[in-house]
Number of protein chains: 2
Amino acid sequence: MKNRLVHPDWLSPEHLEPWMSLVALITVLPAHLDSQLTRDSNITHFDYMVMSMLAEAPERTLRITELAARTNGTLSRMSHVLDRLEKRAFVKRVACPEDARAKNAVLTREGLATWLASAPKHLEEVRRVVTENLSFEQLSQLLEINKTLLSKLDPDNLVQMRKPAR
Amino acid sequence: MKNRLVHPDWLSPEHLEPWMSLVALITVLPAHLDSQLTRDSNITHFDYMVMSMLAEAPERTLRITELAARTNGTLSRMSHVLDRLEKRAFVKRVACPEDARAKNAVLTREGLATWLASAPKHLEEVRRVVTENLSFEQLSQLLEINKTLLSKLDPDNLVQMRKPAR
DNA sequence: ATAACTTAGTTGAAGATTCAACTATTCTCA
DNA sequence: TGAGAATAGTTGAATCTTCAACTAAGTTAT
């Protein structure tokens with residue numbers, strides 16, 4: 001009780017356990033995805049997402065800002081990632097005709113090939129870990145919960161949860 | 001349908017949308033937690049978890065390997081993190097009497113004070129984002145789902161989801 | 001009792017992300 | 001129209017994580 005007065009706001013056990021399970025998941029899952037993708041295809045999960053977004057976009061092209069938005073990355077991170085992908089010839093940057101400040105990122109043939117080659121194993125792993133272990137009901141519960149959390153994380157609705165990336 | 005033949009294993013829309021929502025969450029939530037904690041208390045979320053585990057342990061002491069297990073970190077990561085925390089005098093390393101290979105990490109008075117000072121704002125944010133927006137039913141759905149996923153991520157049950165860290 | 005193996009932890013380099021500062025356009029509106 | 005603000009993107013340094021190689025101590029089995 002003394003402690004309660006000093007620190008009145010620990011989480012109750014009913015809240016704590018789900019929260020800790022989420023903390024565990026956000027620690028382990030990203031590491032697992034990166035590990036699978038770098039082992040099998042030598043790209044990070046973020047690289048995979050970037051290439052996914054480009055692959056599904058018209059002309060395999062997106063403005064860099066749009067790409068950052070769709071992958072929930074910062075512009076700075078995107079700039080560094082594109083540097084690396086461009087060095088590997090998976091992506092190129094081209095001037096944007098409509099706005100001289102802007103650039104388009106374009107997925108190259110090699111980039112598309114790399115992405116396509118990486119997808120089967122990656123998706124197999126996504127299925128193995130996630131989709132095939134959850135019922136349809138759980139999948140829709142998960143979606144609902146995540147939408148709620150994302151909306152609170154990002155009051156201005158900037159967080160993207162777009163279709164692509166299959 | 002053509003596409004299905006070429007790439008037979010894209011996720012179906014019912015699977016894709018929940019999965020993408022989870023990808024968005026694991027991208028945004030860790031960044032958000034780090035950002036809140038570094039802004040308000042100049043520690044990372046991982047630092048916070050490390051100090052939480054120590055704070056709740058008997059004698060505020062844990063073997064380094066055990067600490068790594070409870071925070072789902074690698075030993076190498078833990079070693080680097082402890083270097084930094086030790087430099088700030090939040091933690092110290094002491095020899096382990098039972099096993100000369102091992103060391104104990106101990107949370108210092110300053111470490112405890114820092115952790116205690118950081119907790120209220122952090123937990124307020126956890127509440128704001130997570131617990132107060134989910135019903136009890138959703139919290140238990142989330143727990144169930146996360147347990148399922150964690151068990152698949154970690155066949156040998158190494159992933160920890162222990163009590164502490166309030 | 002000792003060679004081979006496993007466990008505990010550290011180290012330093014390489015890679016990735018963040019942060020703040022910066023350039024260069026475009027927009028706003030008085 | 002022109003000054004100030006906002007937007008698009010880059011850069012380099014600092015920080016953090018990963019990876020592989022390493023030391024040292026404990027364990028096993030012969």
# chains A, B, ... in the order shown; residues from 1 in each chain; ligands from 1

call {"tool": "residues_around", "arguments": {"residues": "Leu75 in chain A", "least_positions_apart": "6", "cutoff": "8 Å", "atoms": "only C-alpha atoms (C1' of nucleotides)", "output": "PyMOL selection string"}}
result
(chain A and resi 64-65+68) or (chain D and resi 9)

call {"tool": "write_last_selection", "arguments": {"atoms": "C-alpha atoms (C1' of nucleotides)", "output": "tab-separated table (two decimals), in the first residue's frame"}}
result
chain	number	residue	atom	x	y	z
A	64	ILE	CA	9.69	8.94	-51.87
A	65	THR	CA	7.44	10.64	-49.36
A	68	ALA	CA	7.83	6.45	-46.56
D	9	DG	C1'	14.72	15.12	-49.67

call {"tool": "closest_atom_pairs", "arguments": {"of": "chain A", "to": "chain C", "cutoff": "8 Å", "atoms": "only C-alpha atoms (C1' of nucleotides)", "output": "JSON lines"}}
result
{"residue": "A:Arg77", "atom": "CA", "partner": "C:DT17", "partner_atom": "C1'", "distance": 6.6}
{"residue": "A:Asp99", "atom": "CA", "partner": "C:DT25", "partner_atom": "C1'", "distance": 8.0}
{"residue": "A:Ala100", "atom": "CA", "partner": "C:DT25", "partner_atom": "C1'", "distance": 6.3}
{"residue": "A:Arg101", "atom": "CA", "partner": "C:DT25", "partner_atom": "C1'", "distance": 5.0}

call {"tool": "write_last_selection", "arguments": {"atoms": "C-alpha atoms", "output": "compact mmCIF listing (two decimals), in the first residue's frame"}}
result
# COMPACT_ATOMS: atom_id res chain seq x y z
CA ARG A 77 15.27 6.28 -42.99
CA ASP A 99 7.50 18.85 -58.55
CA ALA A 100 11.17 19.68 -58.76
CA ARG A 101 11.63 19.11 -55.04

call {"tool": "closest_residue", "arguments": {"among": "B:Leu143, B:Val81, B:Leu25, B:Leu112", "to": "chain D", "atoms": "only C-alpha atoms (C1' of nucleotides)"}}
result
B:Val81

call {"tool": "interface_residues", "arguments": {"of": "chain A", "to": "chain B", "cutoff": "7 Å", "atoms": "only C-alpha atoms", "output": "mmCIF file with C-alpha atoms, in the first residue's frame"}}
result
data_model
loop_
_atom_site.group_PDB
_atom_site.id
_atom_site.type_symbol
_atom_site.label_atom_id
_atom_site.label_comp_id
_atom_site.auth_asym_id
_atom_site.auth_seq_id
_atom_site.Cartn_x
_atom_site.Cartn_y
_atom_site.Cartn_z
ATOM 1 C CA ASP A 9 -0.238 3.719 -11.401
ATOM 2 C CA TRP A 10 1.181 0.301 -12.113
ATOM 3 C CA LEU A 11 -0.892 -1.689 -14.545
ATOM 4 C CA HIS A 15 -3.903 -5.221 -18.271
ATOM 5 C CA LEU A 16 -0.337 -6.181 -17.613
ATOM 6 C CA GLU A 17 -0.353 -9.636 -19.081
ATOM 7 C CA PRO A 18 -1.767 -8.697 -22.490
ATOM 8 C CA MET A 20 3.577 -7.788 -21.802
ATOM 9 C CA SER A 21 2.573 -10.282 -24.448
ATOM 10 C CA LEU A 22 2.473 -7.447 -26.941
ATOM 11 C CA ALA A 24 7.238 -9.683 -26.309
ATOM 12 C CA LEU A 25 5.702 -9.880 -29.755
ATOM 13 C CA ILE A 26 7.018 -6.539 -30.968
ATOM 14 C CA THR A 27 10.455 -7.558 -29.748
ATOM 15 C CA VAL A 28 10.553 -11.015 -31.237
ATOM 16 C CA PRO A 30 10.587 -8.024 -36.181
ATOM 17 C CA ASN A 72 5.518 3.844 -41.910
ATOM 18 C CA PRO A 120 7.534 -17.494 -51.504
ATOM 19 C CA VAL A 129 3.793 -18.193 -37.830
ATOM 20 C CA VAL A 130 0.669 -16.143 -38.223
ATOM 21 C CA THR A 131 -2.152 -16.849 -40.541
ATOM 22 C CA LEU A 139 -7.756 -12.644 -37.602
ATOM 23 C CA SER A 140 -10.611 -10.202 -37.532
ATOM 24 C CA LEU A 142 -6.482 -8.883 -34.481
ATOM 25 C CA LEU A 143 -7.306 -6.475 -37.267
ATOM 26 C CA ASN A 146 -4.527 -3.226 -34.357
ATOM 27 C CA LYS A 147 -6.652 -0.588 -36.055
ATOM 28 C CA LEU A 149 -4.033 0.874 -31.426
ATOM 29 C CA LEU A 150 -2.712 2.393 -34.627
ATOM 30 C CA LYS A 152 -4.124 6.082 -31.031
ATOM 31 C CA LEU A 153 -0.495 5.960 -31.982
ATOM 32 C CA MET A 161 -2.037 0.075 -43.543
ATOM 33 C CA LYS A 163 -3.228 -3.135 -49.317
ATOM 34 C CA ARG A 166 0.598 -9.322 -50.212
#

call {"tool": "closest_residue", "arguments": {"among": "B:Ser76, B:Arg109, B:Glu98, B:Leu82", "to": "DA20 in chain D", "atoms": "only C-alpha atoms (C1' of nucleotides)"}}
result
B:Ser76

call {"tool": "interface_residues", "arguments": {"of": "chain D", "to": "chain B", "cutoff": "9 Å", "atoms": "only C-alpha atoms (C1' of nucleotides)", "output": "VMD selection string"}}
result
chain D and resid 16 to 18 24 to 26

call {"tool": "write_last_selection", "arguments": {"atoms": "N, CA and C atoms (P, O5', C5', C4', C3', O3' and C1' of nucleotides)", "output": "short mmCIF file (atom, residue, chain, number, x, y, z; two decimals), in the first residue's frame"}}
result
data_model
loop_
_atom_site.label_atom_id
_atom_site.label_comp_id
_atom_site.auth_asym_id
_atom_site.auth_seq_id
_atom_site.Cartn_x
_atom_site.Cartn_y
_atom_site.Cartn_z
P DC D 16 21.77 4.47 -27.39
"O5'" DC D 16 21.39 3.21 -28.28
"C5'" DC D 16 20.34 3.31 -29.24
"C4'" DC D 16 20.34 2.06 -30.10
"C3'" DC D 16 20.60 0.76 -29.32
"O3'" DC D 16 19.48 -0.08 -29.56
"C1'" DC D 16 21.96 0.88 -31.28
P DT D 17 19.37 -1.58 -28.97
"O5'" DT D 17 19.86 -2.40 -30.23
"C5'" DT D 17 19.09 -2.34 -31.44
"C4'" DT D 17 19.66 -3.32 -32.44
"C3'" DT D 17 19.84 -4.74 -31.89
"O3'" DT D 17 19.12 -5.60 -32.77
"C1'" DT D 17 21.84 -3.96 -32.92
P DT D 18 19.28 -7.20 -32.62
"O5'" DT D 18 20.48 -7.52 -33.61
"C5'" DT D 18 20.34 -7.19 -34.98
"C4'" DT D 18 21.55 -7.70 -35.75
"C3'" DT D 18 21.85 -9.19 -35.57
"O3'" DT D 18 22.04 -9.70 -36.88
"C1'" DT D 18 23.78 -7.91 -35.11
P DA D 24 41.41 -15.83 -20.94
"O5'" DA D 24 40.28 -16.52 -20.06
"C5'" DA D 24 39.20 -15.72 -19.60
"C4'" DA D 24 38.15 -16.62 -19.01
"C3'" DA D 24 38.71 -17.80 -18.21
"O3'" DA D 24 38.05 -17.80 -16.96
"C1'" DA D 24 37.08 -18.54 -19.73
P DA D 25 38.58 -18.63 -15.71
"O5'" DA D 25 37.34 -19.58 -15.47
"C5'" DA D 25 36.07 -18.97 -15.21
"C4'" DA D 25 35.01 -20.00 -15.41
"C3'" DA D 25 35.22 -21.27 -14.59
"O3'" DA D 25 34.01 -21.51 -13.89
"C1'" DA D 25 34.78 -21.80 -16.85
P DG D 26 33.87 -22.61 -12.78
"O5'" DG D 26 32.95 -23.68 -13.50
"C5'" DG D 26 31.58 -23.34 -13.74
"C4'" DG D 26 30.98 -24.33 -14.68
"C3'" DG D 26 30.86 -25.76 -14.12
"O3'" DG D 26 29.53 -26.18 -14.36
"C1'" DG D 26 31.92 -25.79 -16.24
#

call {"tool": "select_by_dssp", "arguments": {"residues": "chain A", "states": "alpha helix (DSSP H)", "output": "PyMOL selection string"}}
result
chain A and resi 2-6+13-41+45-56+64-70+75-87+109-129+136-153

call {"tool": "select_by_dssp", "arguments": {"residues": "range 10-153 of chain A", "states": "strand (DSSP E)", "output": "count of residues only"}}
result
13

call {"tool": "atom_distance", "arguments": {"atom1": "CA of Glu86 in chain A", "atom2": "CA of Arg39 in chain A"}}
result
20.6 Å
